[in-house]
Amino acid sequence: MQIQDKVIAITGAGQGLGKAMALTLASQGAKLALVDRNADALERAVAECRKLGVRAEGYIADIANEGEVENLFARIETAFGGVDALVNNAGIIRDGLLVKAKDGVIEGKLSLSDWQKVIDVNLTGVFLCGREAAAQMVQKGRPGVIVNISSISRNGNMGQSNYAAAKAGVAAMTVTWAKELARYGIRCAAIAPGFIATDMTASMKPEVIAKIESGIPLRKMGLPENIAQTVKFILENDYLTGRVLEIDGGLRL
Ligand code: NAP
């Protein structure tokens, strides 16, 4: 797919990796539908993309809400005529051990609410946006690409029962959609980032960052641009589908 003038929706585009993707795709001449639930961050991201000379519109929506997602894609269709690509990027973290015990006494358990919140956004949200984007592409006979953001944690990670399960589900849906949607000219691939330096990691203590980096073969965290560059690669490579690209500096969990 040539990115110039294509309509690309990105969820969680107000900050972090999603914003880096938006700026990279804007620099390639894409028309952008940026989605987030954080209005201020979204407004700033839209303004920065417009400065690069492209059309960018912001949409406030909760990707975990079916009605809001259906409405979102209807609004994008009205504004742009339909989507050519979707990046399913929005995600949240609610970490906690399955059970926390001291001397055989249970002190805490991962709450059902923290389990459900992460599944709702990171798994159901990806399903809902992917479903609506695919339906729009198929209905309009418009070939397209869906990029899902999984995580290195999909292999299983301490304190992340909810997040790891959701991200493994995202990887499995990616393969499923690649098989189901190829007949409509739709490709689907995922990215599993390792540790990427964002605003969240910027607030971590230097010694914690140093410890994390010492365990990464490339001895440094990735940059949001490394992930944005991979989104661009997936969009442009017409023989890539059904695969999860691991962008993690060589780290294995
Ligand atoms: P981030 O900085 O927290 O940004 C995510 C954005 O998505 C935020 O603006 C957030 O809004 C928004 N969002 C969250 N839930 C939403 C919902 N239900 N509906 C609409 N928007 C929602 O995250 P990030 O670090 O850039 O991560 C982006 C993606 O990469 C996530 O899927 C994450 O799991 C994945 N990932 C990140 C890393 C990393 O090292 N950063 C590593 C592996 C995978 P609020 O601020 O209001 O929540």
# chains A, B, ... in the order shown; residues from 1 in each chain; ligands from 1
>>> residues_near_ligand(ligand="ligand 1", cutoff="7 Å", atoms="only C-alpha atoms and all ligand atoms", output="PyMOL selection string")
chain A and resi 11-18+35-38+41+61-64+89-92+121-122+125+149-152+192-200
>>> residues_around(residues="Arg183 (chain A)", least_positions_apart="2", cutoff="12 Å", atoms="only C-alpha atoms", output="number ranges by chain")
A: 134, 137-138, 141-144, 177-181, 185-187
>>> write_last_selection(atoms="N, CA and C atoms", output="mmCIF file, in the first residue's frame")
data_model
loop_
_atom_site.group_PDB
_atom_site.id
_atom_site.type_symbol
_atom_site.label_atom_id
_atom_site.label_comp_id
_atom_site.auth_asym_id
_atom_site.auth_seq_id
_atom_site.Cartn_x
_atom_site.Cartn_y
_atom_site.Cartn_z
ATOM 1 N N ALA A 134 -12.783 -3.619 9.188
ATOM 2 C CA ALA A 134 -12.855 -4.659 8.151
ATOM 3 C C ALA A 134 -14.205 -4.602 7.434
ATOM 4 N N MET A 137 -14.164 -1.760 4.992
ATOM 5 C CA MET A 137 -13.311 -2.042 3.819
ATOM 6 C C MET A 137 -14.009 -3.018 2.871
ATOM 7 N N VAL A 138 -14.606 -4.088 3.449
ATOM 8 C CA VAL A 138 -15.254 -5.117 2.627
ATOM 9 C C VAL A 138 -16.455 -4.511 1.894
ATOM 10 N N GLY A 141 -15.452 -2.456 -0.923
ATOM 11 C CA GLY A 141 -14.539 -3.087 -1.872
ATOM 12 C C GLY A 141 -13.179 -2.403 -1.871
ATOM 13 N N ARG A 142 -12.773 -1.972 -0.672
ATOM 14 C CA ARG A 142 -11.553 -1.182 -0.510
ATOM 15 C C ARG A 142 -10.491 -2.057 0.143
ATOM 16 N N PRO A 143 -9.445 -2.479 -0.577
ATOM 17 C CA PRO A 143 -8.406 -3.283 0.067
ATOM 18 C C PRO A 143 -7.747 -2.480 1.183
ATOM 19 N N GLY A 144 -7.268 -3.142 2.215
ATOM 20 C CA GLY A 144 -6.714 -2.372 3.325
ATOM 21 C C GLY A 144 -5.767 -3.182 4.188
ATOM 22 N N TRP A 177 -7.445 -13.061 11.453
ATOM 23 C CA TRP A 177 -7.942 -12.050 10.504
ATOM 24 C C TRP A 177 -7.179 -12.118 9.181
ATOM 25 N N ALA A 178 -5.864 -12.389 9.253
ATOM 26 C CA ALA A 178 -5.084 -12.505 8.006
ATOM 27 C C ALA A 178 -5.684 -13.608 7.140
ATOM 28 N N LYS A 179 -6.056 -14.733 7.773
ATOM 29 C CA LYS A 179 -6.634 -15.851 7.015
ATOM 30 C C LYS A 179 -8.031 -15.514 6.498
ATOM 31 N N GLU A 180 -8.858 -14.909 7.353
ATOM 32 C CA GLU A 180 -10.244 -14.641 6.967
ATOM 33 C C GLU A 180 -10.379 -13.512 5.942
ATOM 34 N N LEU A 181 -9.496 -12.513 6.042
ATOM 35 C CA LEU A 181 -9.718 -11.280 5.272
ATOM 36 C C LEU A 181 -8.894 -11.180 3.990
ATOM 37 N N GLY A 185 -8.712 -8.768 0.060
ATOM 38 C CA GLY A 185 -7.572 -7.872 -0.179
ATOM 39 C C GLY A 185 -7.135 -7.125 1.062
ATOM 40 N N ILE A 186 -7.497 -7.679 2.238
ATOM 41 C CA ILE A 186 -7.112 -7.015 3.495
ATOM 42 C C ILE A 186 -5.988 -7.813 4.156
ATOM 43 N N ARG A 187 -4.898 -7.140 4.469
ATOM 44 C CA ARG A 187 -3.807 -7.776 5.208
ATOM 45 C C ARG A 187 -3.899 -7.395 6.682
#
>>> closest_residue(among="A:Glu68, A:Ser161, A:Gly156, A:Gln139", to="Ser111 (chain A)", atoms="only C-alpha atoms")
A:Ser161
>>> select_by_dssp(residues="region 5-196 of chain A", states="helix (DSSP H, G or I)", output="PyMOL selection string")
chain A and resi 16-27+39-51+66-80+112-139+152-155+161-184
>>> atom_distance(atom1="CA of Gly81 (chain A)", atom2="CA of Cys49 (chain A)")
19.8 Å
>>> closest_residue(among="A:Arg50, A:Arg131, A:Arg252, A:Arg243", to="Val69 (chain A)", atoms="only C-alpha atoms")
A:Arg131
>>> atom_distance(atom1="CA of Gly58 (chain A)", atom2="CA of Ile119 (chain A)")
24.7 Å
>>> residues_around(residues="Met21 (chain A)", least_positions_apart="3", cutoff="10 Å", atoms="only C-alpha atoms", output="PyMOL selection string")
chain A and resi 10+13+15-18+24-27+87+89+224-232
>>> closest_residue(among="A:Ala39, A:Ile8, A:Ala133, A:Val54", to="Phe73 (chain A)", atoms="only C-alpha atoms")
A:Ala133
>>> residues_around(residues="region 212-220 of chain A", least_positions_apart="5", cutoff="9 Å", atoms="only C-alpha atoms", output="NGL selection string")
:A and (195 or 207 or 248-252)
>>> select_by_dssp(residues="region 14-166 of chain A", states="strand (DSSP E)", output="PyMOL selection string")
chain A and resi 31-36+56-60+85-88+99-102+105-109+144-149
>>> closest_residue(among="A:Glu236, A:Phe127, A:Gly96, A:Glu57", to="Gln4 (chain A)", atoms="only C-alpha atoms")
A:Glu236
>>> closest_residue(among="A:Asn148, A:Ser113, A:Ser203, A:Thr78", to="Met173 (chain A)", atoms="only C-alpha atoms")
A:Asn148
